[in-house]
$ cat upload-v3.csv   # CSV, C-alpha atoms
chain,number,residue,atom,x,y,z
A,1,ASP,CA,-10.5,9.0,1.1
A,2,VAL,CA,-8.1,11.8,2.0
A,3,MET,CA,-7.0,12.3,5.6
A,4,LYS,CA,-4.2,13.7,7.7
A,5,ALA,CA,-1.2,11.3,7.9
A,6,ALA,CA,-1.4,11.6,11.7
A,7,GLU,CA,-4.8,9.8,11.6
A,8,LEU,CA,-3.4,6.9,9.7
A,9,PRO,CA,-2.6,4.5,12.6
A,10,THR,CA,-6.2,4.9,13.9
A,11,ARG,CA,-7.6,4.4,10.4
A,12,ILE,CA,-5.5,1.2,9.8
A,13,ARG,CA,-6.8,-0.2,13.1
A,14,GLU,CA,-10.4,0.6,12.1
A,15,GLU,CA,-10.1,-0.9,8.7
A,16,ILE,CA,-8.3,-4.1,9.7
A,17,LYS,CA,-9.7,-4.4,13.3
A,18,ILE,CA,-10.6,-8.1,13.0
A,19,TYR,CA,-6.9,-9.1,12.5
A,20,ASP,CA,-4.4,-9.4,15.3
A,21,VAL,CA,-1.4,-9.1,13.0
A,22,ILE,CA,-0.9,-7.2,9.8
A,23,SER,CA,1.7,-7.2,7.0
A,24,ILE,CA,2.8,-3.9,5.5
A,25,VAL,CA,4.7,-3.3,2.3
A,26,GLU,CA,6.3,0.2,2.5
A,27,GLN,CA,7.8,1.9,-0.6
A,28,ASN,CA,8.8,5.5,-1.2
A,29,PHE,CA,8.4,7.2,-4.6
A,30,TRP,CA,9.7,10.5,-6.0
A,31,GLY,CA,8.6,12.8,-8.8
A,32,LYS,CA,6.4,15.9,-8.8
A,33,PHE,CA,4.1,13.4,-7.0
A,34,LYS,CA,6.2,12.1,-4.2
A,35,GLY,CA,5.7,10.3,-0.9
A,36,ALA,CA,5.4,6.9,0.6
A,37,ALA,CA,3.0,4.0,-0.1
A,38,LEU,CA,1.8,1.6,2.5
A,39,LEU,CA,0.1,-1.6,1.3
A,40,VAL,CA,-1.5,-3.1,4.4
A,41,PHE,CA,-2.7,-6.8,4.4
A,42,PRO,CA,-3.9,-9.1,7.2
A,43,SER,CA,-1.0,-11.3,8.0
A,44,THR,CA,-2.6,-14.4,6.4
A,45,ALA,CA,-2.6,-12.6,3.0
A,46,GLY,CA,1.0,-13.6,2.4
A,47,GLN,CA,0.2,-17.3,2.9
A,48,GLY,CA,-2.8,-17.0,0.7
A,49,LEU,CA,-0.9,-15.3,-2.1
A,50,THR,CA,2.0,-17.8,-1.8
A,51,CYS,CA,-0.4,-20.8,-2.0
A,52,LEU,CA,-2.0,-19.3,-5.1
A,53,PHE,CA,1.3,-19.1,-6.9
A,54,ASP,CA,2.8,-22.3,-5.5
A,55,ASP,CA,-0.3,-24.7,-5.7
A,56,GLU,CA,0.3,-25.7,-2.1
A,57,GLU,CA,-2.8,-26.6,-0.1
A,58,GLU,CA,-1.0,-27.0,3.2
A,59,TRP,CA,1.1,-24.3,4.9
A,60,ALA,CA,3.9,-25.0,7.2
A,61,ASP,CA,5.6,-22.2,9.2
A,62,ASP,CA,9.1,-23.4,8.3
A,63,GLY,CA,11.8,-21.0,7.4
A,64,ASP,CA,11.5,-21.6,3.6
A,65,ASN,CA,7.8,-20.9,3.6
A,66,VAL,CA,8.1,-17.8,5.7
A,67,MET,CA,10.8,-16.4,3.4
A,68,MET,CA,8.7,-17.2,0.3
A,69,GLU,CA,5.7,-15.5,2.0
A,70,LYS,CA,7.8,-12.3,2.6
A,71,GLU,CA,9.2,-12.4,-1.0
A,72,THR,CA,5.7,-12.8,-2.4
A,73,LEU,CA,4.3,-9.9,-0.4
A,74,LEU,CA,7.2,-7.7,-1.5
A,75,GLU,CA,6.8,-8.6,-5.2
A,76,VAL,CA,3.0,-8.2,-5.1
A,77,GLY,CA,3.4,-4.9,-3.2
A,78,ASN,CA,6.0,-3.7,-5.6
A,79,ILE,CA,3.7,-4.5,-8.6
A,80,LEU,CA,0.6,-2.9,-7.0
A,81,ILE,CA,2.2,0.2,-5.7
A,82,GLY,CA,4.1,0.7,-8.9
A,83,ALA,CA,1.0,0.2,-11.0
A,84,CYS,CA,-1.1,2.5,-8.9
A,85,VAL,CA,1.3,5.3,-8.4
A,86,GLY,CA,2.8,4.9,-11.9
A,87,LYS,CA,-0.6,5.2,-13.5
A,88,VAL,CA,-1.5,8.3,-11.6
A,89,ALA,CA,1.9,9.8,-12.5
A,90,GLU,CA,1.5,8.8,-16.2
A,91,LEU,CA,-2.0,10.2,-16.5
A,92,LEU,CA,-0.8,13.5,-15.0
A,93,ASP,CA,2.4,13.8,-17.1
A,94,ASP,CA,4.8,12.9,-14.3
A,95,ILE,CA,7.5,10.3,-14.0
A,96,VAL,CA,8.2,8.7,-10.6
A,97,SER,CA,11.1,6.7,-9.2
A,98,TYR,CA,10.9,4.1,-6.4
A,99,SER,CA,12.9,2.9,-3.6
A,100,PRO,CA,13.0,-0.9,-3.0
A,101,PRO,CA,10.0,-2.0,-1.0
A,102,ARG,CA,10.4,-3.3,2.5
A,103,ILE,CA,8.1,-5.6,4.5
A,104,ILE,CA,6.9,-4.9,8.0
A,105,ILE,CA,5.1,-7.6,10.0
A,106,ASN,CA,3.8,-6.2,13.2
A,107,ASN,CA,0.6,-5.8,15.3
A,108,LEU,CA,-1.9,-3.0,14.7
A,109,SER,CA,0.0,-0.4,16.9
A,110,SER,CA,1.3,2.8,15.4
A,111,GLU,CA,4.8,1.4,15.7
A,112,ALA,CA,4.0,-0.8,12.7
A,113,VAL,CA,5.2,1.9,10.3
A,114,SER,CA,7.8,4.6,10.3
A,115,LYS,CA,6.9,7.5,12.7
A,116,ASN,CA,8.0,10.2,10.3
A,117,LEU,CA,5.1,9.2,8.0
A,118,PHE,CA,2.7,10.6,10.6
A,119,ASP,CA,3.9,14.2,10.2
A,120,PRO,CA,0.8,16.4,10.8
A,121,GLU,CA,1.8,18.4,7.7
A,122,LYS,CA,1.4,15.3,5.5
A,123,LEU,CA,-1.8,13.9,4.0
A,124,ALA,CA,-2.7,10.3,3.2
A,125,ILE,CA,-4.9,9.0,0.4
A,126,LEU,CA,-6.7,5.7,1.1
A,127,MET,CA,-7.5,3.3,-1.7
A,128,LYS,CA,-8.8,-0.2,-0.9
A,129,THR,CA,-7.6,-3.0,-3.1
A,130,VAL,CA,-9.5,-6.2,-3.4
A,131,PHE,CA,-8.1,-9.3,-5.1
A,132,LYS,CA,-10.6,-11.8,-6.4
A,133,PHE,CA,-9.3,-15.2,-7.3
A,134,GLU,CA,-11.4,-18.3,-8.0
A,135,GLU,CA,-11.0,-19.9,-4.6
A,136,ARG,CA,-9.7,-17.1,-2.4
A,137,ASP,CA,-10.5,-13.5,-1.7
A,138,ILE,CA,-7.5,-11.5,-0.5
A,139,SER,CA,-8.0,-7.9,0.3
A,140,GLY,CA,-5.8,-5.1,1.5
A,141,PHE,CA,-5.5,-1.3,1.7
A,142,LEU,CA,-3.2,1.0,-0.1
A,143,PHE,CA,-2.3,4.2,1.7
A,144,LEU,CA,-0.4,6.9,-0.2
A,145,ILE,CA,1.2,9.5,2.1
A,146,THR,CA,2.3,12.7,0.5
A,147,SER,CA,3.3,16.3,1.5
A,148,GLN,CA,1.2,19.4,1.2
A,149,ASP,CA,3.3,20.5,-1.8
A,150,SER,CA,2.6,17.2,-3.6
A,151,MET,CA,-1.1,17.5,-2.9
A,152,LYS,CA,-1.1,21.1,-4.4
A,153,TRP,CA,0.6,19.6,-7.5
A,154,LEU,CA,-1.8,16.7,-7.6
A,155,LYS,CA,-4.9,19.1,-7.5
A,156,THR,CA,-3.5,21.3,-10.2
A,157,ALA,CA,-2.5,18.3,-12.4
A,158,LEU,CA,-6.0,16.7,-11.9
A,159,HIS,CA,-7.7,20.0,-12.8
A,160,ASN,CA,-5.5,20.2,-16.0
A,161,PHE,CA,-6.2,16.6,-16.8
A,162,LEU,CA,-10.0,17.0,-16.4
A,163,GLU,CA,-10.1,20.2,-18.5
A,164,LYS,CA,-9.1,18.0,-21.6
A,165,TYR,CA,-12.5,16.4,-21.3
$ encode --input "upload-v3.csv" --output "structure tokens"
Amino acid sequence: DVMKAAELPTRIREEIKIYDVISIVEQNFWGKFKGAALLVFPSTAGQGLTCLFDDEEEWADDGDNVMMEKETLLEVGNILIGACVGKVAELLDDIVSYSPPRIIINNLSSEAVSKNLFDPEKLAILMKTVFKFEERDISGFLFLITSQDSMKWLKTALHNFLEKY
């Protein structure tokens, strides 16, 4: 789904309305296709992912577990954002660079992400990611926010890509 970046806070609230608290992994990327990626999970996703990798059945909110949860979210976010943005760039003959990801744990208000991402001149692309593991389903949303110039490049690159077929 493509939308104006200014609509993003409302869309995040609509998509994840049953959760009081969300976790967001934010990462910028540069190339011909440039912008910011936001990977949004319900706050419990970090615990679920950590338990999958750590074989822990019980979760304690101690400092070590909270740190491990943040590190797991950062690593999973880094992998998913890199894979998604990187594959788009690769298919369209572009190379992208990334900033280190950062984690934001906040409520569903628009303050959860950087205000400059909601520039009315920017567009957002919504992709829903769903993780299916044997015993747990963990889902989240990937938002790619980019400028009008990047969207023009993306449309041209997609057109050129599809002409090959």
$ residues_around --input "upload-v3.csv" --residues "Val88 in chain A" --least-positions-apart "3" --cutoff "12 Å" --atoms "all atoms listed in the file" --output "ChimeraX atom specification"
/A:31-34,81-85,91-96,144,154,157-158,161
$ atom_distance --input "upload-v3.csv" --atom1 "CA of Lys4 in chain A" --atom2 "CA of Ala124 in chain A"
5.8 Å
$ closest_residue --input "upload-v3.csv" --among "A:Thr146, A:Asn160, A:Ser23, A:Ser139" --to "Ile103 in chain A" --atoms "all atoms listed in the file"
A:Ser23
$ atom_distance --input "upload-v3.csv" --atom1 "CA of Ser150 in chain A" --atom2 "CA of Asp1 in chain A"
16.2 Å
$ residues_near_point --input "upload-v3.csv" --point "(2.5, 1.5, -5.0)" --cutoff "10 Å" --atoms "all atoms listed in the file" --output "ChimeraX atom specification"
/A:25-29,36-39,76-87,98,101,142-144
$ write_last_selection --input "upload-v3.csv" --atoms "C-alpha atoms" --output "PDB file, in the frame of the given file"
ATOM      1  CA  VAL A  25       4.700  -3.300   2.300  1.00  0.00           C
ATOM      2  CA  GLU A  26       6.300   0.200   2.500  1.00  0.00           C
ATOM      3  CA  GLN A  27       7.800   1.900  -0.600  1.00  0.00           C
ATOM      4  CA  ASN A  28       8.800   5.500  -1.200  1.00  0.00           C
ATOM      5  CA  PHE A  29       8.400   7.200  -4.600  1.00  0.00           C
ATOM      6  CA  ALA A  36       5.400   6.900   0.600  1.00  0.00           C
ATOM      7  CA  ALA A  37       3.000   4.000  -0.100  1.00  0.00           C
ATOM      8  CA  LEU A  38       1.800   1.600   2.500  1.00  0.00           C
ATOM      9  CA  LEU A  39       0.100  -1.600   1.300  1.00  0.00           C
ATOM     10  CA  VAL A  76       3.000  -8.200  -5.100  1.00  0.00           C
ATOM     11  CA  GLY A  77       3.400  -4.900  -3.200  1.00  0.00           C
ATOM     12  CA  ASN A  78       6.000  -3.700  -5.600  1.00  0.00           C
ATOM     13  CA  ILE A  79       3.700  -4.500  -8.600  1.00  0.00           C
ATOM     14  CA  LEU A  80       0.600  -2.900  -7.000  1.00  0.00           C
ATOM     15  CA  ILE A  81       2.200   0.200  -5.700  1.00  0.00           C
ATOM     16  CA  GLY A  82       4.100   0.700  -8.900  1.00  0.00           C
ATOM     17  CA  ALA A  83       1.000   0.200 -11.000  1.00  0.00           C
ATOM     18  CA  CYS A  84      -1.100   2.500  -8.900  1.00  0.00           C
ATOM     19  CA  VAL A  85       1.300   5.300  -8.400  1.00  0.00           C
ATOM     20  CA  GLY A  86       2.800   4.900 -11.900  1.00  0.00           C
ATOM     21  CA  LYS A  87      -0.600   5.200 -13.500  1.00  0.00           C
ATOM     22  CA  TYR A  98      10.900   4.100  -6.400  1.00  0.00           C
ATOM     23  CA  PRO A 101      10.000  -2.000  -1.000  1.00  0.00           C
ATOM     24  CA  LEU A 142      -3.200   1.000  -0.100  1.00  0.00           C
ATOM     25  CA  PHE A 143      -2.300   4.200   1.700  1.00  0.00           C
ATOM     26  CA  LEU A 144      -0.400   6.900  -0.200  1.00  0.00           C
TER      27      LEU A 144
END
$ closest_residue --input "upload-v3.csv" --among "A:Asn65, A:Gly35, A:Asp137, A:Pro9" --to "Gln47 in chain A" --atoms "all atoms listed in the file"
A:Asn65
$ atom_distance --input "upload-v3.csv" --atom1 "CA of Val40 in chain A" --atom2 "CA of Leu126 in chain A"
10.7 Å
$ closest_residue --input "upload-v3.csv" --among "A:Glu163, A:Arg13, A:Trp30, A:Ala6" --to "Ser99 in chain A" --atoms "all atoms listed in the file"
A:Trp30
